[in-house]
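File shown: structure-v6.cif. Contents: mmCIF, C-alpha atoms.
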```
data_query
#
loop_
_atom_site.group_PDB
_atom_site.id
_atom_site.type_symbol
_atom_site.label_atom_id
_atom_site.label_comp_id
_atom_site.auth_asym_id
_atom_site.auth_seq_id
_atom_site.Cartn_x
_atom_site.Cartn_y
_atom_site.Cartn_z
ATOM 1 C CA MET A 1 -24.054 18.126 -80.707
ATOM 2 C CA ILE A 2 -21.029 20.213 -79.769
ATOM 3 C CA LYS A 3 -20.237 17.770 -76.963
ATOM 4 C CA ARG A 4 -20.067 14.825 -79.364
ATOM 5 C CA GLY A 5 -17.847 16.695 -81.822
ATOM 6 C CA PHE A 6 -15.509 17.895 -79.082
ATOM 7 C CA ILE A 7 -15.101 14.429 -77.609
ATOM 8 C CA THR A 8 -14.567 12.886 -81.049
ATOM 9 C CA SER A 9 -11.840 15.399 -81.870
ATOM 10 C CA ILE A 10 -10.164 14.738 -78.526
ATOM 11 C CA LEU A 11 -10.168 11.008 -79.308
ATOM 12 C CA VAL A 12 -8.590 11.644 -82.714
ATOM 13 C CA VAL A 13 -5.869 13.821 -81.170
ATOM 14 C CA VAL A 14 -5.167 11.206 -78.515
ATOM 15 C CA VAL A 15 -4.924 8.354 -81.005
ATOM 16 C CA VAL A 16 -2.686 10.278 -83.393
ATOM 17 C CA PHE A 17 -0.487 11.641 -80.626
ATOM 18 C CA SER A 18 -0.102 8.331 -78.838
ATOM 19 C CA SER A 19 0.608 6.313 -81.951
ATOM 20 C CA THR A 20 3.137 8.664 -83.531
ATOM 21 C CA VAL A 21 4.925 10.578 -80.816
ATOM 22 C CA VAL A 22 4.823 8.729 -77.530
ATOM 23 C CA PHE A 23 5.415 5.139 -78.517
ATOM 24 C CA ALA A 24 6.232 4.758 -82.200
ATOM 25 C CA THR A 25 9.301 6.969 -82.279
ATOM 26 C CA SER A 26 11.115 5.479 -79.314
ATOM 27 C CA GLY A 27 9.396 2.186 -78.538
ATOM 28 C CA ARG A 28 8.858 3.348 -74.949
ATOM 29 C CA PHE A 29 6.797 5.891 -73.068
ATOM 30 C CA ASP A 30 8.234 9.334 -72.360
ATOM 31 C CA PHE A 31 7.029 10.180 -68.874
ATOM 32 C CA SER A 32 9.014 13.433 -68.817
ATOM 33 C CA LEU A 33 6.196 15.159 -70.706
ATOM 34 C CA ARG A 34 3.647 14.535 -67.955
ATOM 35 C CA ARG A 35 2.071 17.547 -66.314
ATOM 36 C CA GLY A 36 1.418 15.916 -62.947
ATOM 37 C CA GLU A 37 -2.216 14.806 -62.773
ATOM 38 C CA THR A 38 -2.450 12.051 -60.157
ATOM 39 C CA ARG A 39 -6.209 11.658 -59.688
ATOM 40 C CA LYS A 40 -7.964 8.605 -61.141
ATOM 41 C CA THR A 41 -10.292 8.957 -64.106
ATOM 42 C CA VAL A 42 -14.032 8.512 -63.711
ATOM 43 C CA SER A 43 -15.398 5.073 -64.564
ATOM 44 C CA PRO A 44 -16.610 4.855 -68.191
ATOM 45 C CA GLU A 45 -19.603 2.779 -67.063
ATOM 46 C CA ARG A 46 -21.012 5.920 -65.451
ATOM 47 C CA TYR A 47 -22.056 7.271 -68.874
ATOM 48 C CA LEU A 48 -24.782 5.998 -71.195
ATOM 49 C CA ASP A 49 -23.685 7.882 -74.312
ATOM 50 C CA PRO A 50 -21.359 5.506 -76.228
ATOM 51 C CA VAL A 51 -19.097 8.333 -77.452
ATOM 52 C CA VAL A 52 -18.619 9.720 -73.954
ATOM 53 C CA ARG A 53 -18.098 6.214 -72.583
ATOM 54 C CA LYS A 54 -15.422 5.510 -75.225
ATOM 55 C CA ALA A 55 -13.622 8.777 -74.425
ATOM 56 C CA TYR A 56 -13.446 7.885 -70.740
ATOM 57 C CA MET A 57 -12.280 4.353 -71.625
ATOM 58 C CA VAL A 58 -9.423 5.798 -73.695
ATOM 59 C CA ALA A 59 -8.530 8.176 -70.858
ATOM 60 C CA ARG A 60 -8.315 5.232 -68.483
ATOM 61 C CA GLU A 61 -6.193 3.170 -70.898
ATOM 62 C CA ILE A 62 -3.576 5.825 -71.754
ATOM 63 C CA PRO A 63 -3.493 8.408 -68.958
ATOM 64 C CA TRP A 64 0.187 9.262 -69.577
ATOM 65 C CA VAL A 65 -0.729 10.526 -73.052
ATOM 66 C CA LEU A 66 -3.602 12.705 -71.876
ATOM 67 C CA ASP A 67 -1.449 14.029 -69.047
ATOM 68 C CA SER A 68 1.066 15.152 -71.678
ATOM 69 C CA ILE A 69 -1.473 17.214 -73.645
ATOM 70 C CA TYR A 70 -2.555 20.767 -72.864
ATOM 71 C CA CYS A 71 -6.327 21.140 -72.552
ATOM 72 C CA TYR A 72 -7.600 23.712 -75.037
ATOM 73 C CA CYS A 73 -10.872 24.435 -73.263
ATOM 74 C CA PHE A 74 -8.789 26.684 -70.976
ATOM 75 C CA CYS A 75 -9.812 24.832 -67.823
ATOM 76 C CA GLU A 76 -6.157 25.021 -66.758
ATOM 77 C CA GLU A 77 -6.437 28.803 -66.371
ATOM 78 C CA SER A 78 -9.932 28.740 -64.858
ATOM 79 C CA PRO A 79 -10.053 29.437 -61.113
ATOM 80 C CA ALA A 80 -12.977 26.992 -60.919
ATOM 81 C CA PHE A 81 -11.113 24.028 -62.432
ATOM 82 C CA ARG A 82 -7.327 24.591 -62.273
ATOM 83 C CA HIS A 83 -6.688 21.481 -64.365
ATOM 84 C CA LYS A 84 -3.116 20.343 -64.922
ATOM 85 C CA SER A 85 -3.649 18.707 -68.339
ATOM 86 C CA LEU A 86 -6.250 17.119 -70.577
ATOM 87 C CA LEU A 87 -6.278 14.132 -68.222
ATOM 88 C CA SER A 88 -7.739 16.371 -65.495
ATOM 89 C CA CYS A 89 -10.916 16.745 -67.572
ATOM 90 C CA TYR A 90 -11.485 12.998 -67.177
ATOM 91 C CA THR A 91 -11.133 12.945 -63.379
ATOM 92 C CA ASP A 92 -14.629 14.429 -63.125
ATOM 93 C CA ASP A 93 -17.606 15.056 -65.437
ATOM 94 C CA HIS A 94 -15.897 17.973 -67.206
ATOM 95 C CA ALA A 95 -15.096 16.019 -70.400
ATOM 96 C CA ALA A 96 -18.673 14.726 -70.654
ATOM 97 C CA GLN A 97 -20.238 18.186 -70.673
#
```
How does this structure look as structure tokens?
Amino acid sequence: MIKRGFITSILVVVVVFSSTVVFATSGRFDFSLRRGETRKTVSPERYLDPVVRKAYMVAREIPWVLDSIYCYCFCEESPAFRHKSLLSCYTDDHAAQ
């Protein structure tokens, strides 16, 4: 249940952030905020859970937004993960857990 709530809140943050800050204010994307994740996201079709699948679809559609957001699960500081941004969580199964 925590997984579903976490993914839903990430989706809400992404939608709000992308619609108000990144595009709506300037009419163009601000790539200067990117944190440098270059790996591709995992295919959404890999997951059966519709909420998880939707989260990975959003990550694939707007990677520049996710790469501009700090990940609050502290995987950036973890020696095991060393993620660069929230987008890093979608380059493996981390966001689905």
Computed gap from CA of Arg82 in chain A to CA of Tyr47 in chain A is 23.7 Å
Given the file shown, determine the residues that the PyMOL selection byres ((chain A and resi 57-61) around 10) selects; report them as a PyMOL selection string. chain A and resi 11+14-15+40-45+51-56+62-67+86-91
Could you check how far CA of Lys84 in chain A sits from CA of Ala96 in chain A, in Å to one decimal?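 Result for CA of Lys84 in chain A versus CA of Ala96 in chain A: 17.5 Å, one decimal.
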As a PDB file, in the frame of the given file, the rebuilt range 42-58 of chain A with N, CA and C atoms:
```pdb
ATOM      1  N   VAL A  42     -12.694   8.988 -64.049  1.00  0.00           N
ATOM      2  CA  VAL A  42     -14.032   8.512 -63.711  1.00  0.00           C
ATOM      3  C   VAL A  42     -14.313   7.230 -64.499  1.00  0.00           C
ATOM      4  N   SER A  43     -15.067   6.338 -63.912  1.00  0.00           N
ATOM      5  CA  SER A  43     -15.398   5.073 -64.564  1.00  0.00           C
ATOM      6  C   SER A  43     -16.228   5.312 -65.827  1.00  0.00           C
ATOM      7  N   PRO A  44     -15.851   4.705 -66.949  1.00  0.00           N
ATOM      8  CA  PRO A  44     -16.610   4.855 -68.191  1.00  0.00           C
ATOM      9  C   PRO A  44     -18.045   4.332 -68.076  1.00  0.00           C
ATOM     10  N   GLU A  45     -18.265   3.359 -67.222  1.00  0.00           N
ATOM     11  CA  GLU A  45     -19.603   2.779 -67.063  1.00  0.00           C
ATOM     12  C   GLU A  45     -20.613   3.778 -66.501  1.00  0.00           C
ATOM     13  N   ARG A  46     -20.142   4.890 -66.014  1.00  0.00           N
ATOM     14  CA  ARG A  46     -21.012   5.920 -65.451  1.00  0.00           C
ATOM     15  C   ARG A  46     -21.851   6.615 -66.536  1.00  0.00           C
ATOM     16  N   TYR A  47     -21.424   6.527 -67.787  1.00  0.00           N
ATOM     17  CA  TYR A  47     -22.056   7.271 -68.874  1.00  0.00           C
ATOM     18  C   TYR A  47     -22.795   6.350 -69.835  1.00  0.00           C
ATOM     19  N   LEU A  48     -23.970   6.777 -70.259  1.00  0.00           N
ATOM     20  CA  LEU A  48     -24.782   5.998 -71.195  1.00  0.00           C
ATOM     21  C   LEU A  48     -24.423   6.277 -72.651  1.00  0.00           C
ATOM     22  N   ASP A  49     -24.040   7.504 -72.949  1.00  0.00           N
ATOM     23  CA  ASP A  49     -23.685   7.882 -74.312  1.00  0.00           C
ATOM     24  C   ASP A  49     -22.433   7.101 -74.728  1.00  0.00           C
ATOM     25  N   PRO A  50     -22.500   6.339 -75.824  1.00  0.00           N
ATOM     26  CA  PRO A  50     -21.359   5.506 -76.228  1.00  0.00           C
ATOM     27  C   PRO A  50     -20.108   6.307 -76.584  1.00  0.00           C
ATOM     28  N   VAL A  51     -20.252   7.506 -77.101  1.00  0.00           N
ATOM     29  CA  VAL A  51     -19.097   8.333 -77.452  1.00  0.00           C
ATOM     30  C   VAL A  51     -18.395   8.819 -76.181  1.00  0.00           C
ATOM     31  N   VAL A  52     -19.181   9.265 -75.225  1.00  0.00           N
ATOM     32  CA  VAL A  52     -18.619   9.720 -73.954  1.00  0.00           C
ATOM     33  C   VAL A  52     -17.965   8.547 -73.233  1.00  0.00           C
ATOM     34  N   ARG A  53     -18.638   7.411 -73.233  1.00  0.00           N
ATOM     35  CA  ARG A  53     -18.098   6.214 -72.583  1.00  0.00           C
ATOM     36  C   ARG A  53     -16.749   5.828 -73.204  1.00  0.00           C
ATOM     37  N   LYS A  54     -16.657   5.862 -74.525  1.00  0.00           N
ATOM     38  CA  LYS A  54     -15.422   5.510 -75.225  1.00  0.00           C
ATOM     39  C   LYS A  54     -14.299   6.497 -74.866  1.00  0.00           C
ATOM     40  N   ALA A  55     -14.631   7.774 -74.787  1.00  0.00           N
ATOM     41  CA  ALA A  55     -13.622   8.777 -74.425  1.00  0.00           C
ATOM     42  C   ALA A  55     -13.056   8.508 -73.034  1.00  0.00           C
ATOM     43  N   TYR A  56     -13.911   8.179 -72.094  1.00  0.00           N
ATOM     44  CA  TYR A  56     -13.446   7.885 -70.740  1.00  0.00           C
ATOM     45  C   TYR A  56     -12.678   6.560 -70.684  1.00  0.00           C
ATOM     46  N   MET A  57     -13.035   5.606 -71.553  1.00  0.00           N
ATOM     47  CA  MET A  57     -12.280   4.353 -71.625  1.00  0.00           C
ATOM     48  C   MET A  57     -10.862   4.619 -72.128  1.00  0.00           C
ATOM     49  N   VAL A  58     -10.737   5.448 -73.159  1.00  0.00           N
ATOM     50  CA  VAL A  58      -9.423   5.798 -73.695  1.00  0.00           C
ATOM     51  C   VAL A  58      -8.598   6.524 -72.634  1.00  0.00           C
TER      52      VAL A  58
END
```
